[in-house]
Amino acid sequence: MDRLIYTAMTAMNAAMDRQRVVANNLANASTPGFRQEIFAVTPATLKDGSLEARAMARGNVRGADMKAARVVPTGNPLDVALEGKALLAFQSPDRQGEIYSRRGDLRVAASGVLENGEGLAVLGESGAPITVPPGFSISLAADGTVLASDPAAPNAAAEAIDRIRLVNPEGSPLAKGIDSFLKVPGGGVLPPDPTARLKSGALEMSNVETADTLVQMIEAQRAFEQRAKIIATAGTLDEAGSGLMALR
C-alpha cells in the first residue's frame, strides 16, 4: 500500500508541474518571440538491492519548442524579427552572464541602454550592453548594426555605434529554465552568427497554439484527478484490510 500511495503522490506532483508549465505557456501566448516550454516526465525506479521498491515520476521542463512563429508588421523601426534560427543576446537579470531570446520589441531606456520589452539589456559585439548617446535617435540595419543620428546635425550621416550580438544556436546545448530564459548550461555562451539577419518594423509572435495548450491543460487536470482517486482507493483498501484483521 505504501508503494501505491508513494507512486501516485509523485505522479500528482508531476501533473501539478505540468499544469504550471502549460499555464505559463498559455499566459505567454501573446508575448513576442516566446518559445513554448516542453515538459517531460521520466520514471525513476528506486531499488533496495533485490526488488524494485518504488517507481516515482519526475517532471521537468526539458527545453523549448524552437519552431518559427508568424511575423506581424508593426511599423515601429525598433521592432525586429529575426530570420532563420538566430537568437538575440541579452544581459541576464543578475548581470552574471547572457541569455537568449527571439523577443525583439526593442526600445531605448531612460538610461540610454537598448533593451527589450522585458527590460533586458541588448548586448553588443563586445558582450557589453549597447548604450545610445543622449539625445540621439537610432535605426537598425539588417545585419544588426545600430546606427545613431544626431538631431542637431540633420545633414550628417548616421554613425554606427555598435552591432547587436546575434548568435547561432545550431549544434550547441541550449536549455530553458523555470525563469523562461534560454541559456547555455554551465554558464557558456553561444557563438556569434555573422550571417544572421533581422527585419525591422516587424515582430515575431509567440509560437504557442492557444487551442492545443487549452487541451493540454485539461489533460493535466484529469491526470491529477486520476492520481488523487488512486490515493483515495488506496485508503479504502487499507481500511478494508484493517477491518479484516480486526475480525481475527
# chains A, B, ... in the order shown; residues from 1 in each chain; ligands from 1
call {"tool": "residues_around", "arguments": {"residues": "A:Ala202", "least_positions_apart": "2", "cutoff": "12 Å", "atoms": "only C-alpha atoms", "output": "list in words"}}
result
Pro32, Gly33, Arg70, Val71, Val72, Pro73, Thr74, Gly75, Asn76, Pro77, Leu78, Asp79, Val80, Ala81, Leu82, Glu83, Arg103, Gly104, Asp105, Leu106, Leu198, Lys199, Ser200, Glu204 and Met205 of chain A
call {"tool": "residues_around", "arguments": {"residues": "stretch 94-96 of chain A", "least_positions_apart": "3", "cutoff": "10 Å", "atoms": "only C-alpha atoms", "output": "MDAnalysis selection string"}}
result
chainID A and resid 90:91 99 120:121 187
call {"tool": "closest_residue", "arguments": {"among": "A:Glu125, A:Asp162, A:Asp193, A:Asp17", "to": "A:Ala86", "atoms": "only C-alpha atoms"}}
result
A:Asp193
call {"tool": "select_by_dssp", "arguments": {"residues": "stretch 2-225 of chain A", "states": "strand (DSSP E or B)", "output": "PyMOL selection string"}}
result
chain A and resi 37-47+52-64+71-73+79-82+87-91+98-101+105+107-108+113-115+121-124+129+131+137-140+145-149+159-164+166-167+175-176+182-183+192+198-200+202-204
call {"tool": "residues_around", "arguments": {"residues": "A:Met16", "least_positions_apart": "5", "cutoff": "10 Å", "atoms": "only C-alpha atoms", "output": "list in words"}}
result
Thr10, Ala11, Val21, Val22, Gly59, Ala220, Gln221, Ala223 and Phe224 of chain A
call {"tool": "write_last_selection", "arguments": {"atoms": "N, CA, C and O atoms", "output": "CSV table (one decimal), in the first residue's frame"}}
result
chain,number,residue,atom,x,y,z
A,10,THR,N,3.9,11.0,-6.3
A,10,THR,CA,4.9,11.6,-7.2
A,10,THR,C,4.3,11.9,-8.6
A,10,THR,O,4.7,12.9,-9.2
A,11,ALA,N,3.4,11.0,-9.0
A,11,ALA,CA,2.7,11.3,-10.3
A,11,ALA,C,1.8,12.6,-10.1
A,11,ALA,O,1.7,13.3,-11.1
A,21,VAL,N,3.6,24.5,-16.2
A,21,VAL,CA,4.2,24.8,-17.5
A,21,VAL,C,3.2,25.2,-18.5
A,21,VAL,O,3.3,26.1,-19.3
A,22,VAL,N,2.1,24.4,-18.6
A,22,VAL,CA,1.0,24.7,-19.5
A,22,VAL,C,0.4,26.1,-19.3
A,22,VAL,O,0.2,26.9,-20.2
A,59,GLY,N,9.0,15.2,-13.3
A,59,GLY,CA,8.6,16.0,-14.4
A,59,GLY,C,9.4,17.3,-14.4
A,59,GLY,O,9.5,18.0,-13.3
A,220,ALA,N,-3.8,17.7,-18.2
A,220,ALA,CA,-3.1,17.7,-17.0
A,220,ALA,C,-4.0,17.7,-15.8
A,220,ALA,O,-3.7,17.0,-14.8
A,221,GLN,N,-5.1,18.4,-15.8
A,221,GLN,CA,-6.1,18.4,-14.7
A,221,GLN,C,-6.7,17.0,-14.5
A,221,GLN,O,-6.8,16.5,-13.4
A,223,ALA,N,-5.3,14.2,-15.3
A,223,ALA,CA,-4.3,13.3,-14.8
A,223,ALA,C,-4.1,13.4,-13.3
A,223,ALA,O,-4.0,12.5,-12.6
A,224,PHE,N,-4.2,14.7,-12.9
A,224,PHE,CA,-4.1,14.9,-11.4
A,224,PHE,C,-5.2,14.3,-10.7
A,224,PHE,O,-5.1,13.7,-9.6
call {"tool": "residues_around", "arguments": {"residues": "stretch 165-168 of chain A", "least_positions_apart": "3", "cutoff": "6 Å", "atoms": "only C-alpha atoms", "output": "PyMOL selection string"}}
result
chain A and resi 86-89+123-125+190-193
call {"tool": "write_last_selection", "arguments": {"atoms": "all heavy atoms", "output": "PDB file, in the first residue's frame"}}
result
ATOM      1  N   ALA A  86      18.485  32.336 -35.749  1.00  0.00           N
ATOM      2  CA  ALA A  86      19.331  33.179 -34.904  1.00  0.00           C
ATOM      3  C   ALA A  86      18.586  33.650 -33.656  1.00  0.00           C
ATOM      4  O   ALA A  86      17.350  33.683 -33.618  1.00  0.00           O
ATOM      5  CB  ALA A  86      19.826  34.383 -35.700  1.00  0.00           C
ATOM      6  N   LEU A  87      19.355  33.995 -32.623  1.00  0.00           N
ATOM      7  CA  LEU A  87      18.803  34.487 -31.361  1.00  0.00           C
ATOM      8  C   LEU A  87      19.451  35.811 -31.000  1.00  0.00           C
ATOM      9  O   LEU A  87      20.601  36.081 -31.382  1.00  0.00           O
ATOM     10  CB  LEU A  87      19.037  33.488 -30.237  1.00  0.00           C
ATOM     11  CG  LEU A  87      18.390  32.107 -30.362  1.00  0.00           C
ATOM     12  CD1 LEU A  87      18.916  31.190 -29.261  1.00  0.00           C
ATOM     13  CD2 LEU A  87      16.881  32.198 -30.310  1.00  0.00           C
ATOM     14  N   LEU A  88      18.732  36.636 -30.272  1.00  0.00           N
ATOM     15  CA  LEU A  88      19.277  37.872 -29.715  1.00  0.00           C
ATOM     16  C   LEU A  88      19.933  37.564 -28.377  1.00  0.00           C
ATOM     17  O   LEU A  88      19.405  36.775 -27.589  1.00  0.00           O
ATOM     18  CB  LEU A  88      18.169  38.900 -29.509  1.00  0.00           C
ATOM     19  CG  LEU A  88      17.542  39.534 -30.750  1.00  0.00           C
ATOM     20  CD1 LEU A  88      16.203  40.177 -30.384  1.00  0.00           C
ATOM     21  CD2 LEU A  88      18.467  40.572 -31.348  1.00  0.00           C
ATOM     22  N   ALA A  89      21.054  38.197 -28.109  1.00  0.00           N
ATOM     23  CA  ALA A  89      21.741  38.010 -26.829  1.00  0.00           C
ATOM     24  C   ALA A  89      21.411  39.176 -25.895  1.00  0.00           C
ATOM     25  O   ALA A  89      21.480  40.343 -26.298  1.00  0.00           O
ATOM     26  CB  ALA A  89      23.250  37.929 -27.040  1.00  0.00           C
ATOM     27  N   LEU A 123      22.846  43.057 -25.797  1.00  0.00           N
ATOM     28  CA  LEU A 123      24.303  43.021 -25.820  1.00  0.00           C
ATOM     29  C   LEU A 123      24.833  43.336 -27.210  1.00  0.00           C
ATOM     30  O   LEU A 123      24.234  42.975 -28.223  1.00  0.00           O
ATOM     31  CB  LEU A 123      24.810  41.645 -25.374  1.00  0.00           C
ATOM     32  CG  LEU A 123      24.443  41.211 -23.952  1.00  0.00           C
ATOM     33  CD1 LEU A 123      25.038  39.843 -23.643  1.00  0.00           C
ATOM     34  CD2 LEU A 123      24.913  42.247 -22.929  1.00  0.00           C
ATOM     35  N   GLY A 124      25.989  44.009 -27.228  1.00  0.00           N
ATOM     36  CA  GLY A 124      26.669  44.311 -28.482  1.00  0.00           C
ATOM     37  C   GLY A 124      27.736  43.277 -28.780  1.00  0.00           C
ATOM     38  O   GLY A 124      27.862  42.263 -28.092  1.00  0.00           O
ATOM     39  N   GLU A 125      28.524  43.535 -29.805  1.00  0.00           N
ATOM     40  CA  GLU A 125      29.552  42.581 -30.227  1.00  0.00           C
ATOM     41  C   GLU A 125      30.586  42.314 -29.145  1.00  0.00           C
ATOM     42  O   GLU A 125      31.148  41.222 -29.066  1.00  0.00           O
ATOM     43  CB  GLU A 125      30.236  43.091 -31.493  1.00  0.00           C
ATOM     44  CG  GLU A 125      29.378  43.003 -32.738  1.00  0.00           C
ATOM     45  CD  GLU A 125      30.137  43.396 -33.987  1.00  0.00           C
ATOM     46  OE1 GLU A 125      30.697  44.510 -34.009  1.00  0.00           O
ATOM     47  OE2 GLU A 125      30.190  42.599 -34.941  1.00  0.00           O
ATOM     48  N   LEU A 190      26.783  31.225 -26.602  1.00  0.00           N
ATOM     49  CA  LEU A 190      26.636  30.769 -27.975  1.00  0.00           C
ATOM     50  C   LEU A 190      27.566  31.560 -28.898  1.00  0.00           C
ATOM     51  O   LEU A 190      27.859  32.731 -28.629  1.00  0.00           O
ATOM     52  CB  LEU A 190      25.189  30.941 -28.444  1.00  0.00           C
ATOM     53  CG  LEU A 190      24.139  30.057 -27.765  1.00  0.00           C
ATOM     54  CD1 LEU A 190      22.748  30.398 -28.297  1.00  0.00           C
ATOM     55  CD2 LEU A 190      24.437  28.584 -27.995  1.00  0.00           C
ATOM     56  N   PRO A 191      28.014  30.959 -29.982  1.00  0.00           N
ATOM     57  CA  PRO A 191      28.905  31.663 -30.906  1.00  0.00           C
ATOM     58  C   PRO A 191      28.149  32.705 -31.718  1.00  0.00           C
ATOM     59  O   PRO A 191      26.957  32.548 -32.006  1.00  0.00           O
ATOM     60  CB  PRO A 191      29.431  30.541 -31.809  1.00  0.00           C
ATOM     61  CG  PRO A 191      28.338  29.516 -31.792  1.00  0.00           C
ATOM     62  CD  PRO A 191      27.764  29.562 -30.406  1.00  0.00           C
ATOM     63  N   PRO A 192      28.806  33.812 -32.090  1.00  0.00           N
ATOM     64  CA  PRO A 192      28.142  34.828 -32.919  1.00  0.00           C
ATOM     65  C   PRO A 192      27.829  34.293 -34.302  1.00  0.00           C
ATOM     66  O   PRO A 192      28.502  33.386 -34.800  1.00  0.00           O
ATOM     67  CB  PRO A 192      29.171  35.959 -32.967  1.00  0.00           C
ATOM     68  CG  PRO A 192      30.487  35.292 -32.714  1.00  0.00           C
ATOM     69  CD  PRO A 192      30.202  34.163 -31.768  1.00  0.00           C
ATOM     70  N   ASP A 193      26.805  34.849 -34.913  1.00  0.00           N
ATOM     71  CA  ASP A 193      26.395  34.443 -36.257  1.00  0.00           C
ATOM     72  C   ASP A 193      26.519  35.645 -37.185  1.00  0.00           C
ATOM     73  O   ASP A 193      25.612  36.487 -37.244  1.00  0.00           O
ATOM     74  CB  ASP A 193      24.956  33.928 -36.223  1.00  0.00           C
ATOM     75  CG  ASP A 193      24.524  33.337 -37.555  1.00  0.00           C
ATOM     76  OD1 ASP A 193      25.296  33.441 -38.531  1.00  0.00           O
ATOM     77  OD2 ASP A 193      23.409  32.778 -37.634  1.00  0.00           O
TER      78      ASP A 193
END
call {"tool": "closest_residue", "arguments": {"among": "A:Ala23, A:Leu174, A:Ala15, A:Ala29", "to": "A:Val208", "atoms": "only C-alpha atoms"}}
result
A:Ala29
call {"tool": "closest_residue", "arguments": {"among": "A:Leu214, A:Leu147, A:Ala153, A:Ala128", "to": "A:Val113", "atoms": "only C-alpha atoms"}}
result
A:Ala128
call {"tool": "select_by_dssp", "arguments": {"residues": "stretch 6-232 of chain A", "states": "alpha helix (DSSP H)", "output": "number ranges by chain"}}
result
A: 6-27, 210-232
call {"tool": "closest_residue", "arguments": {"among": "A:Asp65, A:Phe136, A:Gln226, A:Arg163", "to": "A:Pro151", "atoms": "only C-alpha atoms"}}
result
A:Phe136
call {"tool": "residues_around", "arguments": {"residues": "stretch 36-38 of chain A", "least_positions_apart": "6", "cutoff": "12 Å", "atoms": "only C-alpha atoms", "output": "count of residues only"}}
result
44
